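Dropping upload08.pdb in here (PDB, C-alpha atoms):
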```
MODEL        1
ATOM      1  CA  GLY R   1      14.065  -1.112   9.842
ATOM      2  CA  GLN R   2      12.812   2.177   8.489
ATOM      3  CA  GLN R   3       9.673   3.557  10.103
ATOM      4  CA  LEU R   4       7.266   6.330   9.282
ATOM      5  CA  ASN R   5       5.471   8.172  12.076
ATOM      6  CA  GLN R   6       2.133   9.335  10.758
ATOM      7  CA  SER R   7      -0.070  11.732  12.708
ATOM      8  CA  PRO R   8      -2.699  12.189  13.761
ATOM      9  CA  GLN R   9      -3.984   8.615  14.057
ATOM     10  CA  SER R  10      -7.549   9.800  13.617
ATOM     11  CA  MET R  11      -9.462  13.030  13.249
ATOM     12  CA  PHE R  12     -13.064  14.166  13.287
ATOM     13  CA  ILE R  13     -13.807  17.360  11.393
ATOM     14  CA  GLN R  14     -16.795  19.376  10.242
ATOM     15  CA  GLU R  15     -17.628  19.397   6.563
ATOM     16  CA  GLY R  16     -15.966  22.410   4.957
ATOM     17  CA  GLU R  17     -12.966  22.471   7.290
ATOM     18  CA  ASP R  18      -9.381  22.068   6.125
ATOM     19  CA  VAL R  19      -7.377  19.007   7.163
ATOM     20  CA  SER R  20      -3.661  18.547   7.687
ATOM     21  CA  MET R  21      -1.725  15.346   8.363
ATOM     22  CA  ASN R  22       1.955  14.511   8.239
ATOM     23  CA  CYS R  23       4.573  11.813   8.220
ATOM     24  CA  THR R  24       8.045  11.967   9.670
ATOM     25  CA  SER R  25      11.001   9.644   9.750
ATOM     26  CA  SER R  26      14.554   9.502  10.982
ATOM     27  CA  SER R  27      15.584   8.158   7.559
ATOM     28  CA  ILE R  28      16.036   9.983   4.273
ATOM     29  CA  PHE R  29      13.779   9.016   1.374
ATOM     30  CA  ASN R  30      13.762   9.730  -2.368
ATOM     31  CA  THR R  31      10.025   9.355  -2.876
ATOM     32  CA  TRP R  32       6.957  10.281  -0.833
ATOM     33  CA  LEU R  33       3.515   9.051  -1.788
ATOM     34  CA  TRP R  34       0.063   9.627  -0.321
ATOM     35  CA  TYR R  35      -2.703   7.034  -0.619
ATOM     36  CA  LYS R  36      -6.358   6.898   0.388
ATOM     37  CA  GLN R  37      -8.146   3.696   1.346
ATOM     38  CA  ASP R  38     -11.920   3.401   1.409
ATOM     39  CA  PRO R  39     -13.527   0.616   3.480
ATOM     40  CA  GLY R  40     -13.250  -2.742   1.732
ATOM     41  CA  GLU R  41     -11.006  -1.374  -1.012
ATOM     42  CA  GLY R  42      -7.341  -1.213  -1.838
ATOM     43  CA  PRO R  43      -5.284   1.975  -1.352
ATOM     44  CA  VAL R  44      -5.534   4.461  -4.210
ATOM     45  CA  LEU R  45      -2.637   6.758  -5.069
ATOM     46  CA  LEU R  46      -3.454  10.454  -4.524
ATOM     47  CA  ILE R  47      -0.157  12.295  -4.922
ATOM     48  CA  ALA R  48       3.440  11.314  -5.683
ATOM     49  CA  LEU R  49       6.456  13.494  -4.775
ATOM     50  CA  TYR R  50       9.979  12.964  -6.096
ATOM     51  CA  LYS R  51      11.997  16.056  -5.208
ATOM     52  CA  ALA R  52      12.860  17.642  -1.867
ATOM     53  CA  GLY R  53      10.799  20.788  -1.381
ATOM     54  CA  GLU R  54       8.315  19.790  -4.091
ATOM     55  CA  LEU R  55       4.749  20.995  -3.546
ATOM     56  CA  THR R  56       2.078  19.230  -5.610
ATOM     57  CA  SER R  57      -1.689  19.635  -5.795
ATOM     58  CA  ASN R  58      -4.441  17.309  -6.946
ATOM     59  CA  GLY R  59      -7.753  19.150  -6.768
ATOM     60  CA  ARG R  60      -8.378  20.027  -3.114
ATOM     61  CA  LEU R  61      -5.351  18.000  -2.016
ATOM     62  CA  THR R  62      -1.874  19.460  -1.593
ATOM     63  CA  ALA R  63       1.216  17.575  -0.486
ATOM     64  CA  GLN R  64       4.813  18.569   0.088
ATOM     65  CA  PHE R  65       8.087  16.659   0.141
ATOM     66  CA  GLY R  66      10.038  18.016   3.114
ATOM     67  CA  ILE R  67      13.283  19.811   2.402
ATOM     68  CA  THR R  68      15.196  17.464   4.732
ATOM     69  CA  ARG R  69      13.729  14.474   2.813
ATOM     70  CA  LYS R  70      12.589  13.032   6.147
ATOM     71  CA  ASP R  71       8.995  14.231   6.164
ATOM     72  CA  SER R  72       5.907  15.046   4.131
ATOM     73  CA  PHE R  73       2.498  16.561   4.759
ATOM     74  CA  LEU R  74      -0.901  16.321   3.112
ATOM     75  CA  ASN R  75      -3.532  19.030   3.270
ATOM     76  CA  ILE R  76      -7.159  18.673   2.242
ATOM     77  CA  SER R  77      -9.081  21.902   1.788
ATOM     78  CA  ALA R  78     -12.828  22.367   2.247
ATOM     79  CA  SER R  79     -13.500  18.761   3.250
ATOM     80  CA  ILE R  80     -16.571  16.940   1.961
ATOM     81  CA  PRO R  81     -18.229  13.712   3.168
ATOM     82  CA  SER R  82     -16.558  11.576   0.483
ATOM     83  CA  ASP R  83     -13.147  12.494   1.926
ATOM     84  CA  VAL R  84     -13.857   9.962   4.685
ATOM     85  CA  GLY R  85     -11.343   7.123   4.716
ATOM     86  CA  ILE R  86      -7.860   6.195   5.823
ATOM     87  CA  TYR R  87      -4.950   8.175   4.415
ATOM     88  CA  PHE R  88      -1.518   6.560   4.245
ATOM     89  CA  CYS R  89       1.851   8.071   3.606
ATOM     90  CA  ALA R  90       4.489   5.907   1.972
ATOM     91  CA  ALA R  91       8.141   6.566   1.321
ATOM     92  CA  GLY R  92      10.760   4.893  -0.821
ATOM     93  CA  ALA R  93      14.533   4.927  -0.627
ATOM     94  CA  GLY R  94      15.125   2.662  -3.605
ATOM     95  CA  SER R  95      13.108   1.852  -6.685
ATOM     96  CA  TYR R  96      11.139  -1.168  -5.581
ATOM     97  CA  GLN R  97      10.189  -1.007  -1.914
ATOM     98  CA  LEU R  98       7.943   1.307   0.041
ATOM     99  CA  THR R  99       7.598   1.858   3.772
ATOM    100  CA  PHE R 100       4.083   2.775   4.883
ATOM    101  CA  GLY R 101       2.788   4.877   7.743
ATOM    102  CA  LYS R 102       0.061   3.387   9.920
ATOM    103  CA  GLY R 103      -2.582   5.705   8.524
ATOM    104  CA  THR R 104      -4.789   8.623   9.523
ATOM    105  CA  LYS R 105      -8.475   7.804   9.806
ATOM    106  CA  LEU R 106     -10.538  10.793   8.691
ATOM    107  CA  SER R 107     -14.185  11.235   9.663
ATOM    108  CA  VAL R 108     -16.202  14.141   8.269
ATOM    109  CA  ILE R 109     -19.283  15.331  10.125
ATOM    110  CA  PRO R 110     -21.882  16.773   7.736
TER     111      PRO R 110
ATOM    112  CA  GLU U 111      -9.030  -0.276 -17.953
ATOM    113  CA  ALA U 112      -5.694  -0.448 -16.118
ATOM    114  CA  GLN U 113      -6.129  -2.591 -13.056
ATOM    115  CA  VAL U 114      -4.824  -5.144 -10.603
ATOM    116  CA  THR U 115      -7.191  -8.023  -9.904
ATOM    117  CA  GLN U 116      -7.133 -10.480  -7.024
ATOM    118  CA  ASN U 117      -9.053 -13.689  -6.420
ATOM    119  CA  PRO U 118     -10.729 -14.670  -4.292
ATOM    120  CA  ARG U 119     -11.889 -11.512  -2.517
ATOM    121  CA  TYR U 120     -12.931 -13.453   0.570
ATOM    122  CA  LEU U 121     -11.717 -16.817   1.811
ATOM    123  CA  ILE U 122     -12.358 -18.795   4.971
ATOM    124  CA  THR U 123     -10.231 -21.891   5.416
ATOM    125  CA  VAL U 124      -8.869 -24.211   8.067
ATOM    126  CA  THR U 125      -5.396 -24.587   9.496
ATOM    127  CA  GLY U 126      -3.059 -26.556   7.248
ATOM    128  CA  LYS U 127      -5.126 -26.511   4.059
ATOM    129  CA  LYS U 128      -2.974 -25.167   1.233
ATOM    130  CA  LEU U 129      -4.341 -22.169  -0.611
ATOM    131  CA  THR U 130      -3.384 -19.800  -3.412
ATOM    132  CA  VAL U 131      -4.445 -16.202  -3.883
ATOM    133  CA  THR U 132      -4.069 -15.053  -7.462
ATOM    134  CA  CYS U 133      -2.993 -11.604  -8.621
ATOM    135  CA  SER U 134      -2.958 -10.301 -12.159
ATOM    136  CA  GLN U 135      -2.119  -6.897 -13.674
ATOM    137  CA  ASN U 136      -2.695  -5.564 -17.183
ATOM    138  CA  MET U 137      -0.279  -2.595 -17.084
ATOM    139  CA  ASN U 138       2.843  -4.482 -18.189
ATOM    140  CA  HIS U 139       4.574  -3.515 -14.939
ATOM    141  CA  GLU U 140       7.879  -5.175 -14.136
ATOM    142  CA  TYR U 141       7.425  -5.045 -10.359
ATOM    143  CA  MET U 142       4.767  -6.703  -8.232
ATOM    144  CA  SER U 143       4.367  -6.989  -4.451
ATOM    145  CA  TRP U 144       2.256  -8.679  -1.828
ATOM    146  CA  TYR U 145       1.278  -6.951   1.412
ATOM    147  CA  ARG U 146      -0.716  -7.865   4.446
ATOM    148  CA  GLN U 147      -2.681  -5.283   6.403
ATOM    149  CA  ASP U 148      -3.426  -5.756  10.077
ATOM    150  CA  PRO U 149      -5.041  -3.349  12.562
ATOM    151  CA  GLY U 150      -2.431  -1.202  14.259
ATOM    152  CA  LEU U 151       0.376  -2.560  12.085
ATOM    153  CA  GLY U 152      -0.416  -0.957   8.746
ATOM    154  CA  LEU U 153       0.759  -2.427   5.447
ATOM    155  CA  ARG U 154       3.691  -4.814   5.604
ATOM    156  CA  GLN U 155       5.399  -6.250   2.550
ATOM    157  CA  ILE U 156       5.500 -10.040   2.273
ATOM    158  CA  TYR U 157       7.326 -10.612  -1.016
ATOM    159  CA  TYR U 158       8.098  -8.647  -4.125
ATOM    160  CA  SER U 159       9.158  -9.485  -7.658
ATOM    161  CA  MET U 160      11.331  -7.381  -9.944
ATOM    162  CA  ASN U 161      10.569  -9.398 -13.061
ATOM    163  CA  VAL U 162       9.736 -12.883 -14.302
ATOM    164  CA  GLU U 163      11.480 -15.526 -12.191
ATOM    165  CA  VAL U 164      12.981 -12.853  -9.887
ATOM    166  CA  THR U 165      11.487 -12.614  -6.388
ATOM    167  CA  ASP U 166      12.732 -11.491  -2.995
ATOM    168  CA  LYS U 167      11.556 -11.406   0.596
ATOM    169  CA  GLY U 168       9.879  -8.391   2.101
ATOM    170  CA  ASP U 169       9.481  -7.691   5.793
ATOM    171  CA  VAL U 170       7.218 -10.617   6.775
ATOM    172  CA  PRO U 171       7.865 -13.572   4.389
ATOM    173  CA  GLU U 172       7.568 -16.460   6.881
ATOM    174  CA  GLY U 173       4.804 -18.904   5.954
ATOM    175  CA  TYR U 174       4.366 -17.589   2.412
ATOM    176  CA  LYS U 175       5.616 -18.508  -1.048
ATOM    177  CA  VAL U 176       5.343 -16.695  -4.353
ATOM    178  CA  SER U 177       6.119 -17.388  -7.970
ATOM    179  CA  ARG U 178       6.438 -15.196 -11.041
ATOM    180  CA  LYS U 179       6.283 -17.367 -14.150
ATOM    181  CA  GLU U 180       4.565 -14.724 -16.267
ATOM    182  CA  LYS U 181       4.908 -10.947 -16.119
ATOM    183  CA  ARG U 182       1.226 -10.323 -15.466
ATOM    184  CA  ASN U 183       0.679 -12.888 -12.663
ATOM    185  CA  PHE U 184       2.066 -13.089  -9.135
ATOM    186  CA  PRO U 185       0.264 -15.687  -7.003
ATOM    187  CA  LEU U 186       0.648 -15.863  -3.229
ATOM    188  CA  ILE U 187       0.805 -19.385  -1.814
ATOM    189  CA  LEU U 188       0.192 -20.451   1.764
ATOM    190  CA  GLU U 189       1.380 -24.059   1.992
ATOM    191  CA  SER U 190       0.090 -24.629   5.526
ATOM    192  CA  PRO U 191      -1.991 -21.662   6.689
ATOM    193  CA  SER U 192      -2.178 -20.857  10.384
ATOM    194  CA  PRO U 193      -4.588 -18.577  12.289
ATOM    195  CA  ASN U 194      -1.933 -15.847  12.604
ATOM    196  CA  GLN U 195      -2.135 -15.475   8.824
ATOM    197  CA  THR U 196      -5.706 -14.236   9.114
ATOM    198  CA  SER U 197      -5.419 -10.820   7.519
ATOM    199  CA  LEU U 198      -6.301  -8.548   4.615
ATOM    200  CA  TYR U 199      -3.944  -9.128   1.689
ATOM    201  CA  PHE U 200      -3.135  -6.730  -1.120
ATOM    202  CA  CYS U 201      -1.273  -7.229  -4.348
ATOM    203  CA  ALA U 202       0.356  -4.246  -6.047
ATOM    204  CA  SER U 203       2.125  -3.620  -9.330
ATOM    205  CA  TYR U 204       4.444  -0.790 -10.384
ATOM    206  CA  THR U 205       7.021   0.238 -12.952
ATOM    207  CA  GLY U 206       9.918   0.462 -10.522
ATOM    208  CA  ARG U 207      11.116   3.688 -12.020
ATOM    209  CA  TYR U 208       8.789   5.857  -9.971
ATOM    210  CA  ASN U 209       7.600   3.364  -7.363
ATOM    211  CA  GLU U 210       3.963   4.422  -7.804
ATOM    212  CA  GLN U 211       2.321   1.227  -6.646
ATOM    213  CA  PHE U 212      -1.179   0.351  -7.882
ATOM    214  CA  PHE U 213      -3.109  -1.874  -5.518
ATOM    215  CA  GLY U 214      -5.658  -4.598  -6.086
ATOM    216  CA  PRO U 215      -8.999  -4.647  -4.221
ATOM    217  CA  GLY U 216      -7.761  -6.957  -1.469
ATOM    218  CA  THR U 217      -8.395 -10.517  -0.273
ATOM    219  CA  ARG U 218      -9.770 -11.026   3.208
ATOM    220  CA  LEU U 219      -8.454 -14.346   4.518
ATOM    221  CA  THR U 220      -9.656 -16.059   7.670
ATOM    222  CA  VAL U 221      -7.834 -19.167   8.891
ATOM    223  CA  LEU U 222      -9.738 -21.135  11.511
TER     224      LEU U 222
ENDMDL
END
```

Using the file provided, produce a representation of the structure as structure tokens.
Amino acid sequence: GQQLNQSPQSMFIQEGEDVSMNCTSSSIFNTWLWYKQDPGEGPVLLIALYKAGELTSNGRLTAQFGITRKDSFLNISASIPSDVGIYFCAAGAGSYQLTFGKGTKLSVIP
Amino acid sequence: EAQVTQNPRYLITVTGKKLTVTCSQNMNHEYMSWYRQDPGLGLRQIYYSMNVEVTDKGDVPEGYKVSRKEKRNFPLILESPSPNQTSLYFCASYTGRYNEQFFGPGTRLTVL
């Protein structure tokens, strides 16, 4: 089946630093989504991308839909303690199913 | 407030005792899905539904049943739970047009 390779698996950063994570696949997708999951909660949608090359921001978060439609990245600028959590990429080829990456666990050191 | 609700949030049961996890959404979404989340395996889709009375298998459907009798509800049924179904379960709903899935808070199931 389709797989997403998300990296890094985990990262420890100092408060105030910028963060970058990405997802790649051998398959082409029409949709890329980025979610954040806090402990004990369900994933929350951060950014949705629908067009190859699209660059979208949501506050300090910026994500891009790769031009080949096989990858996406998420950047977080000037990290703060509440950015801690697990970030998932997800990609869709059709209109009703998503494939998820295994997540990037972000820890922020104050 | 737009939301997806799940009940119960926590459940400990024994092997073979039938259980149902309920899921309800108030966004009038056509699509709903069930996922399980396991360490190292990420989120895997169990079943999804495209509308009332229309359901289909996801990636890991074995041992699960679903039904969609009303648009807002999508219960997950484990007829004979086994320990390998111990997991964190999420329900999600979405419009289908944009595939932006909204997740419930999760149900942590332990099967002894």

Please enumerate the residues selected by the ChimeraX specification (/R :<7) & /U when evaluated against the supplied file, formatted as an MDAnalysis selection string. chainID U and resid 150:153 200 206:209 213:216

Same residues, C-alpha atoms, output as an mmCIF file, in the frame of the given file:
```cif
data_model
loop_
_atom_site.group_PDB
_atom_site.id
_atom_site.type_symbol
_atom_site.label_atom_id
_atom_site.label_comp_id
_atom_site.auth_asym_id
_atom_site.auth_seq_id
_atom_site.Cartn_x
_atom_site.Cartn_y
_atom_site.Cartn_z
ATOM 1 C CA GLY U 150 -2.431 -1.202 14.259
ATOM 2 C CA LEU U 151 0.376 -2.560 12.085
ATOM 3 C CA GLY U 152 -0.416 -0.957 8.746
ATOM 4 C CA LEU U 153 0.759 -2.427 5.447
ATOM 5 C CA PHE U 200 -3.135 -6.730 -1.120
ATOM 6 C CA GLY U 206 9.918 0.462 -10.522
ATOM 7 C CA ARG U 207 11.116 3.688 -12.020
ATOM 8 C CA TYR U 208 8.789 5.857 -9.971
ATOM 9 C CA ASN U 209 7.600 3.364 -7.363
ATOM 10 C CA PHE U 213 -3.109 -1.874 -5.518
ATOM 11 C CA GLY U 214 -5.658 -4.598 -6.086
ATOM 12 C CA PRO U 215 -8.999 -4.647 -4.221
ATOM 13 C CA GLY U 216 -7.761 -6.957 -1.469
#
```

So what does the PyMOL selection byres ((chain U and resi 179) around 12) actually pick up in this one, as an MDAnalysis selection string? chainID U and resid 134 159:165 176:178 180:185

Excluding same-chain residues fewer than 4 positions from Thr24 of chain R, what lies within 8 Å of it counting all atoms listed in the file, as a CSV table (one decimal) with C-alpha atoms, keeping the file's coordinate frame?
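New file out.csv:
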```csv
chain,number,residue,atom,x,y,z
R,4,LEU,CA,7.3,6.3,9.3
R,5,ASN,CA,5.5,8.2,12.1
R,6,GLN,CA,2.1,9.3,10.8
R,70,LYS,CA,12.6,13.0,6.1
R,71,ASP,CA,9.0,14.2,6.2
R,72,SER,CA,5.9,15.0,4.1
```

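Coordinates place atom CA of Lys36 of chain R at a distance of 24.3 Å from atom CA of Thr220 of chain U.
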
When you look at Gly53 of chain R with a cut-off of 7 Å (counting only C-alpha atoms), what residues show up, excluding the ones that are within fewer than 5 positions of it in the same chain? I need them as a PyMOL selection string. chain R and resi 64-67

Which residues come within 6 Å of segment 154-158 of chain U, counting all atoms listed in the file, excluding same-chain residues fewer than 3 positions away, as a PyMOL selection string? chain U and resi 142-146+165-171

Taking the file above as input, evaluate the PyMOL selection byres ((chain R and resi 10-21) around 12) and report the hits as a PyMOL selection string. chain R and resi 5-9+22-24+34+60-64+71-89+101-110

Emit as AutoDock Vina command-line options the padded axis-aligned box for all listed atoms of segment 191-199 of chain U, 5 Å per side, with centre and edge lengths in Å to one decimal.
```
--center_x -4.1 --center_y -15.1 --center_z 7.1 --size_x 14.4 --size_y 23.1 --size_z 20.9
```

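Our summary of the geometry notes that atom CA of Asn194 of chain U is positioned 7.7 Å from atom CA of Val221 of chain U.
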
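Each of R:Leu46, R:Ser57, R:Ser25, R:Gln37 was compared to Arg69 of chain R using only C-alpha atoms, and R:Ser25 turns out to be the nearest.
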
Write out as number ranges by chain which residues come within 7 Å of Val131 of chain U when counting all atoms listed in the file, dropping same-chain ones fewer than 3 positions away. U: 117-118, 185-187

Quote the spacing between atom CA of Thr205 of chain U and atom CA of Ala52 of chain R in Å to one decimal place. 21.4 Å
